[in-house]
Structures are given as C-alpha cells and as structure tokens.
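File shown: coords_8.cif. Contents: mmCIF, C-alpha atoms.
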```cif
data_protein
loop_
_atom_site.group_PDB
_atom_site.id
_atom_site.type_symbol
_atom_site.label_atom_id
_atom_site.label_comp_id
_atom_site.auth_asym_id
_atom_site.auth_seq_id
_atom_site.Cartn_x
_atom_site.Cartn_y
_atom_site.Cartn_z
ATOM 1 C CA MET A 1006 2.707 -2.873 10.959
ATOM 2 C CA ARG A 1007 3.214 -1.961 14.609
ATOM 3 C CA ASN A 1008 1.946 1.598 13.961
ATOM 4 C CA ARG A 1009 -1.294 0.259 12.509
ATOM 5 C CA VAL A 1010 -1.833 -2.110 15.421
ATOM 6 C CA VAL A 1011 -1.308 0.738 17.897
ATOM 7 C CA ALA A 1012 -3.553 3.020 15.805
ATOM 8 C CA ALA A 1013 -6.255 0.330 15.613
ATOM 9 C CA ALA A 1014 -6.163 -0.225 19.373
ATOM 10 C CA GLY A 1015 -6.239 3.533 20.039
ATOM 11 C CA SER A 1016 -9.110 4.010 17.605
ATOM 12 C CA ALA A 1017 -11.092 1.191 19.213
ATOM 13 C CA VAL A 1018 -10.645 2.737 22.669
ATOM 14 C CA PHE A 1019 -11.569 6.190 21.356
ATOM 15 C CA PHE A 1020 -14.628 4.714 19.577
ATOM 16 C CA VAL A 1021 -15.935 3.396 22.895
ATOM 17 C CA LEU A 1022 -15.093 6.580 24.799
ATOM 18 C CA ALA A 1023 -16.256 9.246 22.343
ATOM 19 C CA PRO A 1024 -19.108 8.094 20.072
ATOM 20 C CA GLY A 1025 -19.870 5.255 22.472
ATOM 21 C CA ILE A 1026 -20.679 7.722 25.214
ATOM 22 C CA VAL A 1027 -22.097 10.586 23.097
ATOM 23 C CA ALA A 1028 -24.256 8.452 20.768
ATOM 24 C CA GLY A 1029 -24.764 5.417 22.984
ATOM 25 C CA LEU A 1030 -24.636 5.934 26.736
ATOM 26 C CA LEU A 1031 -26.069 9.453 26.940
ATOM 27 C CA PRO A 1032 -29.088 8.779 24.679
ATOM 28 C CA TRP A 1033 -29.678 5.609 26.692
ATOM 29 C CA LEU A 1034 -29.599 7.619 29.927
ATOM 30 C CA ILE A 1035 -32.208 9.966 28.432
ATOM 31 C CA THR A 1036 -34.480 7.208 27.072
ATOM 32 C CA ARG A 1037 -33.625 4.053 29.025
ATOM 33 C CA TRP A 1038 -34.715 2.633 25.661
ATOM 34 C CA GLN A 1039 -38.326 3.254 26.559
ATOM 35 C CA VAL A 1040 -40.395 3.312 23.414
ATOM 36 C CA GLU A 1041 -42.975 6.075 23.317
ATOM 37 C CA PRO A 1042 -45.845 6.298 20.820
ATOM 38 C CA ILE A 1043 -44.790 7.802 17.506
ATOM 39 C CA TRP A 1044 -46.107 7.753 13.955
ATOM 40 C CA PRO A 1045 -44.794 4.386 12.627
ATOM 41 C CA PRO A 1046 -43.149 5.808 9.461
ATOM 42 C CA LEU A 1047 -41.015 8.039 11.722
ATOM 43 C CA ARG A 1048 -39.862 4.972 13.651
ATOM 44 C CA VAL A 1049 -38.916 3.295 10.351
ATOM 45 C CA LEU A 1050 -37.092 6.479 9.306
ATOM 46 C CA GLY A 1051 -35.212 6.312 12.603
ATOM 47 C CA TRP A 1052 -33.869 2.856 11.718
ATOM 48 C CA VAL A 1053 -33.075 4.038 8.181
ATOM 49 C CA VAL A 1054 -30.941 6.829 9.669
ATOM 50 C CA LEU A 1055 -29.482 4.932 12.632
ATOM 51 C CA VAL A 1056 -28.129 1.781 10.969
ATOM 52 C CA PRO A 1057 -26.190 3.430 8.096
ATOM 53 C CA SER A 1058 -24.912 6.116 10.475
ATOM 54 C CA VAL A 1059 -23.280 3.481 12.666
ATOM 55 C CA ALA A 1060 -21.877 1.621 9.636
ATOM 56 C CA VAL A 1061 -20.366 4.769 8.128
ATOM 57 C CA LEU A 1062 -19.007 5.796 11.530
ATOM 58 C CA VAL A 1063 -17.156 2.490 11.863
ATOM 59 C CA SER A 1064 -15.856 2.883 8.307
ATOM 60 C CA ALA A 1065 -14.560 6.388 9.094
ATOM 61 C CA PHE A 1066 -12.723 5.117 12.174
ATOM 62 C CA VAL A 1067 -11.114 2.355 10.125
ATOM 63 C CA ARG A 1068 -10.078 4.942 7.522
ATOM 64 C CA PHE A 1069 -8.015 6.767 10.177
ATOM 65 C CA VAL A 1070 -6.039 3.583 10.826
ATOM 66 C CA VAL A 1071 -5.464 2.408 7.253
ATOM 67 C CA GLU A 1072 -5.052 5.780 5.537
ATOM 68 C CA GLY A 1073 -3.942 8.150 8.267
ATOM 69 C CA PHE A 1074 -1.814 5.804 10.403
ATOM 70 C CA GLY A 1075 -3.385 7.298 13.512
ATOM 71 C CA THR A 1076 -6.630 7.746 15.370
ATOM 72 C CA PRO A 1077 -9.431 10.323 15.412
ATOM 73 C CA ALA A 1078 -8.447 11.095 19.015
ATOM 74 C CA PRO A 1079 -6.743 14.480 19.415
ATOM 75 C CA VAL A 1080 -4.045 12.857 21.579
ATOM 76 C CA ALA A 1081 -2.997 10.480 18.748
ATOM 77 C CA PRO A 1082 -3.813 12.261 15.468
ATOM 78 C CA PRO A 1083 -3.167 10.727 12.060
ATOM 79 C CA GLU A 1084 0.224 11.108 10.394
ATOM 80 C CA LYS A 1085 -1.425 11.692 7.012
ATOM 81 C CA LEU A 1086 -4.472 13.772 6.112
ATOM 82 C CA VAL A 1087 -7.452 11.429 5.772
ATOM 83 C CA VAL A 1088 -9.284 12.245 2.527
ATOM 84 C CA GLY A 1089 -10.514 8.854 1.280
ATOM 85 C CA GLY A 1090 -13.743 6.931 1.694
ATOM 86 C CA PHE A 1091 -16.618 9.075 2.955
ATOM 87 C CA TYR A 1092 -14.151 11.925 3.510
ATOM 88 C CA ARG A 1093 -14.275 12.425 -0.273
ATOM 89 C CA TYR A 1094 -17.898 13.597 0.128
ATOM 90 C CA VAL A 1095 -17.834 15.560 3.384
ATOM 91 C CA ARG A 1096 -15.103 16.675 5.784
ATOM 92 C CA ASN A 1097 -16.938 15.654 8.969
ATOM 93 C CA PRO A 1098 -18.547 12.249 8.393
ATOM 94 C CA MET A 1099 -17.909 11.100 11.962
ATOM 95 C CA TYR A 1100 -19.749 14.017 13.493
ATOM 96 C CA LEU A 1101 -22.596 13.645 11.016
ATOM 97 C CA CYS A 1102 -22.844 9.926 11.776
ATOM 98 C CA VAL A 1103 -22.867 10.457 15.524
ATOM 99 C CA LEU A 1104 -25.667 12.992 15.029
ATOM 100 C CA GLY A 1105 -27.443 10.523 12.714
ATOM 101 C CA ALA A 1106 -27.204 7.843 15.386
ATOM 102 C CA ILE A 1107 -28.650 10.202 17.996
ATOM 103 C CA VAL A 1108 -31.485 11.450 15.751
ATOM 104 C CA GLY A 1109 -32.183 7.871 14.639
ATOM 105 C CA GLN A 1110 -32.593 6.810 18.261
ATOM 106 C CA ALA A 1111 -34.866 9.776 18.958
ATOM 107 C CA LEU A 1112 -37.160 8.585 16.169
ATOM 108 C CA VAL A 1113 -36.918 4.857 16.966
ATOM 109 C CA PHE A 1114 -37.791 5.446 20.608
ATOM 110 C CA GLY A 1115 -40.145 8.381 20.034
ATOM 111 C CA GLN A 1116 -38.150 10.548 22.425
ATOM 112 C CA PRO A 1117 -38.191 14.320 21.729
ATOM 113 C CA TRP A 1118 -35.634 14.942 24.483
ATOM 114 C CA VAL A 1119 -33.104 13.030 22.429
ATOM 115 C CA LEU A 1120 -33.739 15.438 19.534
ATOM 116 C CA ALA A 1121 -33.024 18.337 21.907
ATOM 117 C CA TYR A 1122 -29.847 16.548 22.966
ATOM 118 C CA ALA A 1123 -28.896 16.181 19.278
ATOM 119 C CA LEU A 1124 -29.187 19.962 18.850
ATOM 120 C CA ALA A 1125 -26.859 20.548 21.789
ATOM 121 C CA VAL A 1126 -24.383 17.977 20.470
ATOM 122 C CA SER A 1127 -24.447 19.542 17.003
ATOM 123 C CA ALA A 1128 -23.561 22.948 18.493
ATOM 124 C CA ALA A 1129 -20.691 21.361 20.415
ATOM 125 C CA PHE A 1130 -19.451 19.564 17.290
ATOM 126 C CA TYR A 1131 -19.570 22.713 15.184
ATOM 127 C CA SER A 1132 -17.626 24.620 17.845
ATOM 128 C CA MET A 1133 -15.027 21.862 18.152
ATOM 129 C CA VAL A 1134 -14.481 21.772 14.395
ATOM 130 C CA HIS A 1135 -14.364 25.543 13.977
ATOM 131 C CA TRP A 1136 -12.195 26.440 16.976
ATOM 132 C CA HIS A 1137 -9.942 23.377 17.310
ATOM 133 C CA GLU A 1138 -9.892 20.896 14.443
ATOM 134 C CA GLU A 1139 -9.701 23.176 11.421
ATOM 135 C CA PRO A 1140 -6.868 25.329 12.837
ATOM 136 C CA SER A 1141 -5.011 22.181 13.911
ATOM 137 C CA LEU A 1142 -5.407 20.551 10.488
ATOM 138 C CA ARG A 1143 -4.235 23.745 8.803
ATOM 139 C CA ARG A 1144 -1.125 23.814 11.034
ATOM 140 C CA ASN A 1145 -0.353 20.126 10.515
ATOM 141 C CA PHE A 1146 -1.152 19.713 6.813
ATOM 142 C CA GLY A 1147 -0.940 23.244 5.375
ATOM 143 C CA ASN A 1148 -1.751 23.590 1.684
ATOM 144 C CA GLN A 1149 -2.886 19.971 1.442
ATOM 145 C CA TYR A 1150 -5.642 20.693 3.961
ATOM 146 C CA ASP A 1151 -6.524 24.021 2.333
ATOM 147 C CA THR A 1152 -6.959 22.288 -1.044
ATOM 148 C CA TYR A 1153 -9.144 19.627 0.571
ATOM 149 C CA ARG A 1154 -11.147 22.172 2.583
ATOM 150 C CA ASN A 1155 -11.842 24.254 -0.513
ATOM 151 C CA ALA A 1156 -13.075 21.221 -2.462
ATOM 152 C CA VAL A 1157 -15.056 19.244 0.128
ATOM 153 C CA PRO A 1158 -17.859 20.786 2.216
ATOM 154 C CA GLY A 1159 -17.798 20.454 5.973
ATOM 155 C CA TRP A 1160 -21.391 19.522 6.725
ATOM 156 C CA LEU A 1161 -23.483 18.960 3.570
ATOM 157 C CA PRO A 1162 -22.027 16.119 1.494
ATOM 158 C CA ARG A 1163 -21.085 16.539 -2.151
ATOM 159 C CA LEU A 1164 -23.019 14.505 -4.692
ATOM 160 C CA ARG A 1165 -19.857 13.230 -6.375
ATOM 161 C CA PRO A 1166 -16.680 12.161 -4.613
ATOM 162 C CA TRP A 1167 -13.764 14.574 -4.650
ATOM 163 C CA GLN A 1168 -10.676 13.422 -6.489
ATOM 164 C CA PRO A 1169 -7.493 14.577 -4.781
ATOM 165 C CA PRO A 1170 -4.920 16.087 -7.141
ATOM 166 C CA SER A 1171 -2.352 13.513 -8.185
ATOM 167 C CA ALA A 1172 1.183 13.823 -6.850
ATOM 168 C CA SER A 1173 2.458 14.515 -10.382
ATOM 169 C CA SER A 1174 0.219 17.564 -10.952
#
```
Would you mind giving the structure from this file in structure tokens?
Amino acid sequence: MRNRVVAAAGSAVFFVLAPGIVAGLLPWLITRWQVEPIWPPLRVLGWVVLVPSVAVLVSAFVRFVVEGFGTPAPVAPPEKLVVGGFYRYVRNPMYLCVLGAIVGQALVFGQPWVLAYALAVSAAFYSMVHWHEEPSLRRNFGNQYDTYRNAVPGWLPRLRPWQPPSASS
C-alpha cells in the first residue's frame, strides 16, 4: 500500500512538472490563450483532440501507479513493465497525448506557432524514446520488453489491443 501511495504522489508531482509544463505552461506562454481567427471546424477539431488527449494522459499516469508500482519519471521508474490500458495499443501513449494536447491547443486558439512548437516537441520525444527509454526498458525488462516491443507499435496505435502472453505459455 505504501509503495502505491508514494508512486501516486511521485506521479502527481511528475504530471505537473513534465506534461504540465510541456503541454500547459509553454503553450500558454506562446499563446497567452489569445484566440486568433481560424476556420471554425478546425477549432472544434482542436477540442476533439485536446479533451481525449488529456483524459488518456491521466489514465496512462494512473496505469504506472496501479500496474507498474512506480512513476513515469526516470528517477522513480516502475517495478513492472506497464503493458495494460492504452499501452496495449501503442507503446508511447503519454507522448502522443502530450502532443495531442499541444496540437489541440494550436487549433483551439488558432496559433500556428504552437504547431511549430509541437513539431519541436515531437522531435525531442522521439529522441528521448530512441536514445534513452528503449535501451533502459530493454536493460530492465529484457525479453518481456522485447516481446512487447515486437507486438505493439511505438507511435501509430494498433486497431486491436495486444494480449500479453499468459504466464503459463
């Protein structure tokens, strides 16, 4: 129980510091939430992307606590490989949701500079995953991660959820 409480507190702090800054504070600094003229269906699309992105992001953070007994923060990684929930469709739902939140805001506020920011963030995310996270997951979880990585795409979600092999197989 204590581990989950510590993991929940750590995840909450990391949520504010990482996605809170990248998908909240920095887009706000670019836009100051000034709404510029934009074709109204694009603004609606922005909300359609933004709201579910934030909901799925919260769900992914919770998954690290309840399934992984840790946090998404590199300083307090999960004890178990997190492969449930949205992780059954795509290996990087948090990064995709942060990008969705940024792109959604760009459309809601009609701010092209936020789209440019999203491109820069996506390059940073890809680099982080490729050069740090994947090697770290391979070291920490070995064959379990390799099986998962081979079955679940990193950036374009599967249509059907992946079913992890059962412990008896």
For range 1112-1127 of chain A: contacts at 12 Å, all atoms listed in the file, fewer than 2 positions along chain excluded, given as a ChimeraX atom specification: /A:1024,1026-1056,1097,1099-1110,1129-1134,1160
To one decimal in Å, tell me the separation between CA of Ser1016 in chain A and CA of Pro1057 in chain A.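 One can read the CA of Ser1016 in chain A to CA of Pro1057 in chain A distance as 19.6 Å.
Reported to one decimal place, the separation of CA of Arg1163 in chain A from CA of Ala1081 in chain A is 28.3 Å.
Taking all atoms listed in the file into account, Ala1065 in chain A lies nearest to A:Arg1096 out of the set A:Arg1144, A:His1135, A:Arg1096, A:Lys1085.
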Using the chain letters and numbers from the file, which residues does the PyMOL selection byres ((chain A and resi 1165) around 12) grab, as a PDB file with C-alpha atoms, keeping the file's coordinate frame?
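Ended up saving to expr34.pdb:
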```
ATOM      1  CA  GLY A1090     -13.743   6.931   1.694  1.00  0.00           C
ATOM      2  CA  PHE A1091     -16.618   9.075   2.955  1.00  0.00           C
ATOM      3  CA  TYR A1092     -14.151  11.925   3.510  1.00  0.00           C
ATOM      4  CA  ARG A1093     -14.275  12.425  -0.273  1.00  0.00           C
ATOM      5  CA  TYR A1094     -17.898  13.597   0.128  1.00  0.00           C
ATOM      6  CA  VAL A1095     -17.834  15.560   3.384  1.00  0.00           C
ATOM      7  CA  ALA A1156     -13.075  21.221  -2.462  1.00  0.00           C
ATOM      8  CA  VAL A1157     -15.056  19.244   0.128  1.00  0.00           C
ATOM      9  CA  PRO A1158     -17.859  20.786   2.216  1.00  0.00           C
ATOM     10  CA  PRO A1162     -22.027  16.119   1.494  1.00  0.00           C
ATOM     11  CA  ARG A1163     -21.085  16.539  -2.151  1.00  0.00           C
ATOM     12  CA  LEU A1164     -23.019  14.505  -4.692  1.00  0.00           C
ATOM     13  CA  PRO A1166     -16.680  12.161  -4.613  1.00  0.00           C
ATOM     14  CA  TRP A1167     -13.764  14.574  -4.650  1.00  0.00           C
ATOM     15  CA  GLN A1168     -10.676  13.422  -6.489  1.00  0.00           C
TER      16      GLN A1168
END
```
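Take CA of Asn1008 in chain A and CA of Phe1020 in chain A: the distance between them is 17.8 Å.
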Could you list the residues chosen by the PyMOL selection byres ((chain A and resi 1017-1019) around 12) in this structure as a VMD selection string? chain A and resid 1009 to 1016 1020 to 1027 1062 to 1063 1065 to 1067 1069 to 1070 1075 to 1082
Each side padded by 5 Å, which centre and which edge lengths in Å (one decimal) define the axis-aligned box around the listed atoms of range 1081-1090 of chain A? Give them as lines of an AutoDock Vina configuration file.
```
center_x = -6.8
center_y = 10.4
center_z = 10.0
size_x = 24.0
size_y = 16.8
size_z = 27.5
```
With all atoms listed in the file as the basis for distance, which of A:Leu1161, A:Gly1073, A:Ala1060, A:Gly1089 is at the shortest distance from Phe1146 in chain A? A:Gly1073
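Each of A:Val1087, A:Arg1068, A:Val1059, A:Phe1074 was checked against Leu1142 in chain A using only C-alpha atoms; the smallest atom-to-atom distance is that of A:Val1087.
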